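A.B. asks: Mind looking over this structure? Questions follow.
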Amino acid sequence: MDRREFIKGGMAIAAITALSAAGLASGRQEKTPDKTDKNKVQPEKKKSGSTKKMKILVITGSPRRKGNSAILADNFIKGAEEAGHMVFRFDAAFKKVHPCTGCNHCGMDGPCVFNDDFNEVRSNIIDADAVVFASPMYYFGLSAQIKTVIDRFYAINGQIHVSKKTALLMTYADTVAKEAQPIISHYETLINYLGWEDCGRVIASGVWTAGSVKNTKFPEQAYKLGKNI
Ligand SMILES: Cc1cc2nc3c(=O)[nH]c(=O)nc-3n(C[C@H](O)[C@H](O)[C@H](O)COP(=O)(O)O)c2cc1C
């Protein structure tokens, strides 16, 4: 499958999902909401900083439990929980997630041949309002641990092409902003493909040893991002 088909495949599944949600694919007729019905439930607003209580999935990618990206994740979660959101954290480096083998058994929208800890992501991402990625930079890319989880999105591709908020927390040792571009570009391309709304990024440069990010402004930035997402 080339990139064009990959995008089309995702779009087709997303379209079917959207149609199904609207009751169109099955021919099911939804009752047209009555504007005069005083008891009707108004949809809650979904914009940054809104008061809607959200379900947030945070996926971390560092094998350092007390590492810098873990600290950013901690701070983001603290802010988000203080704001009343419900957070589920998936520390990819401490879970068993087999890399996607491209067998296509799932058809981009079905059961995966691997029955492993990705099931926790699967059961938390579908109805999540927001998904947050926290990763160290490894050779100018995301860590293999978090990328492995992202690749397994393939099996739920059709179900996650829906409106979600998202954010990126990333740490790296160097201080050259240009070196962060490949990860930022990957993140932007991924969320554009999935149709997710970027709510912010914390790009923490100049942090090498585990915990060194504590002495910077970045944990506060992550906290505020969590509080205001
Ligand atoms: C395998 C490996 C590759 C790395 N590659 C880079 C890199 O390309 N650029 C960089 O600035 N730092 C690099 N680093 C440093 C980490 O990005 C940095 O220490 C980061 O703060 C680690 O985050 P963590 O504590 O959350 O694991 C690398 C570290 C490791 C272990």
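Naming scheme: A, B, ... for chains in displayed order of the structure tokens; residues 1 onward per chain; ligands 1 onward as shown.
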Within 7 Å of ligand 1, which residues show up when you count only C-alpha atoms and all ligand atoms? List them as a CSV table (one decimal) with N, CA and C atoms, in the first residue's frame, please.
C.D. replies:
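pocket-v9.csv, freshly written:
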```csv
chain,number,residue,atom,x,y,z
A,62,SER,N,9.7,7.2,27.2
A,62,SER,CA,11.1,7.1,27.7
A,62,SER,C,11.3,5.8,28.6
A,63,PRO,N,12.4,5.2,28.4
A,63,PRO,CA,12.7,4.0,29.3
A,63,PRO,C,13.2,4.5,30.7
A,64,ARG,N,13.4,5.9,30.8
A,64,ARG,CA,13.9,6.4,32.1
A,64,ARG,C,12.7,6.8,32.9
A,66,LYS,N,12.3,8.2,35.8
A,66,LYS,CA,12.3,9.5,36.3
A,66,LYS,C,13.0,10.5,35.4
A,67,GLY,N,12.8,10.2,34.1
A,67,GLY,CA,13.5,11.0,33.1
A,67,GLY,C,12.8,12.3,32.8
A,68,ASN,N,13.3,13.1,31.9
A,68,ASN,CA,12.8,14.4,31.7
A,68,ASN,C,11.4,14.4,31.0
A,69,SER,N,11.2,13.6,30.0
A,69,SER,CA,9.8,13.6,29.4
A,69,SER,C,8.8,13.0,30.4
A,70,ALA,N,9.2,12.1,31.3
A,70,ALA,CA,8.3,11.6,32.3
A,70,ALA,C,7.9,12.7,33.3
A,135,SER,N,7.8,12.3,24.7
A,135,SER,CA,8.9,11.4,24.3
A,135,SER,C,10.2,12.1,24.3
A,136,PRO,N,11.3,11.4,24.6
A,136,PRO,CA,12.6,12.0,24.4
A,136,PRO,C,13.0,12.0,22.9
A,137,MET,N,13.9,12.8,22.5
A,137,MET,CA,14.4,12.7,21.2
A,137,MET,C,15.5,11.6,21.1
A,138,TYR,N,15.3,10.7,20.2
A,138,TYR,CA,16.4,9.7,20.0
A,138,TYR,C,16.8,9.8,18.6
A,139,TYR,N,18.0,10.2,18.4
A,139,TYR,CA,18.5,10.4,17.0
A,139,TYR,C,17.6,11.2,16.1
A,140,PHE,N,17.1,12.3,16.6
A,140,PHE,CA,16.3,13.3,15.9
A,140,PHE,C,14.9,12.8,15.6
A,171,THR,N,11.7,16.1,24.9
A,171,THR,CA,12.9,16.5,25.6
A,171,THR,C,14.1,16.1,24.7
A,172,TYR,N,15.1,17.0,24.7
A,172,TYR,CA,16.4,16.6,24.1
A,172,TYR,C,17.5,17.4,24.6
A,173,ALA,N,18.7,16.9,24.4
A,173,ALA,CA,19.9,17.4,25.1
A,173,ALA,C,20.5,18.6,24.4
A,174,ASP,N,20.4,18.7,23.1
A,174,ASP,CA,21.0,19.8,22.4
A,174,ASP,C,20.1,21.1,22.5
A,207,VAL,N,18.3,19.5,27.9
A,207,VAL,CA,18.2,18.6,29.1
A,207,VAL,C,18.8,17.2,28.7
A,208,TRP,N,19.8,16.9,29.4
A,208,TRP,CA,20.5,15.6,29.1
A,208,TRP,C,20.3,14.6,30.2
A,209,THR,N,20.8,14.9,31.4
A,209,THR,CA,20.7,13.9,32.5
A,209,THR,C,19.2,13.8,33.0
A,210,ALA,N,18.9,12.6,33.4
A,210,ALA,CA,17.5,12.4,34.0
A,210,ALA,C,17.2,13.3,35.1
A,211,GLY,N,16.2,14.1,35.0
A,211,GLY,CA,15.8,15.0,36.0
A,211,GLY,C,16.2,16.4,35.8
```
A.B. asks: Tell me which protein, DNA and RNA residues are within 7 Å of region 84-99 of chain A, counting only C-alpha atoms, leaving out same-chain ones fewer than 5 positions away, and put them as a list in words.
C.D. replies: Lys53, Met54, Lys55, Ile56, Leu57, Val58, Ile59, Thr60, Gly61, Ser62, Pro63, Ile77, Phe114, Asp116, Asp117, Phe118, Gln145, Ile146, Thr148 and Val149 of chain A
A.B. asks: With only C-alpha atoms as the basis for distance, which of A:Ile126, A:Ile160, A:Ile184, A:Ala144 is at the shortest distance from Arg201 (chain A)?
C.D. replies: A:Ile184
A.B. asks: At what distance in Å, to one decimal, does CA of Lys178 (chain A) lie from CA of Lys224 (chain A)?
C.D. replies: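 According to the coordinates, CA of Lys224 (chain A) and CA of Lys178 (chain A) are separated by 24.7 Å.
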A.B. asks: Just the residues within 7 Å of Met108 (chain A), please, counting only C-alpha atoms, with nothing from its chain fewer than 3 positions along; format it as a JSON list (two decimals) with C-alpha atoms, in the first residue's frame.
C.D. replies:
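Result written to out_25.json:
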```json
[["chain", "number", "residue", "atom", "x", "y", "z"],
["A", 104, "ASN", "CA", -2.79, -6.34, 7.49],
["A", 154, "TYR", "CA", -2.95, 1.03, 12.23],
["A", 155, "ALA", "CA", -5.43, -1.51, 13.60],
["A", 156, "ILE", "CA", -7.74, 1.23, 14.90],
["A", 157, "ASN", "CA", -7.06, 3.72, 12.15],
["A", 158, "GLY", "CA", -10.71, 3.98, 11.17]]
```
A.B. asks: Hey, which of A:Gly200, A:Lys164, A:Asp109, A:Asp151 ends up closest to Gly226 (chain A)? Count only C-alpha atoms.
C.D. replies: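 That would be A:Gly200, the residue with the smallest distance to Gly226 (chain A).
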A.B. asks: Between CA of Asn215 (chain A) and CA of Asp198 (chain A), measure the distance and give it in Å to one decimal.
C.D. replies: 26.4 Å
A.B. asks: Looking at A:Ala222, A:Ala73, A:Val162, A:Leu142, which one is nearest to Asp129 (chain A), with distances taken over only C-alpha atoms?
C.D. replies: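 Of A:Ala222, A:Ala73, A:Val162, A:Leu142, the one nearest Asp129 (chain A) is A:Val162, counting only C-alpha atoms.
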A.B. asks: Using only C-alpha atoms, can you tell me which of A:Lys227, A:Asp127, A:Ser163, A:Ala134 comes closest to Ile71 (chain A)?
C.D. replies: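 Selected residue with least distance to Ile71 (chain A): A:Ala134.
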A.B. asks: Once DSSP has gone over the backbone, tell me which residues of region 121-181 of chain A are in alpha helix (DSSP H), as a count of residues only.
C.D. replies: 18
A.B. asks: What gap, in Å, lies between CA of Leu168 (chain A) and CA of Cys103 (chain A)?
C.D. replies: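 Distance reported for this atom pair: 29.3 Å.
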A.B. asks: Give the strand (DSSP E or B) residues of region 48-77 of chain A, as assigned by DSSP on the backbone, as a list of chain:residue names.
C.D. replies: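 Taking region 48-77 of chain A and keeping strand (DSSP E or B) gives A:Lys55, A:Ile56, A:Leu57, A:Val58, A:Ile59, A:Thr60.
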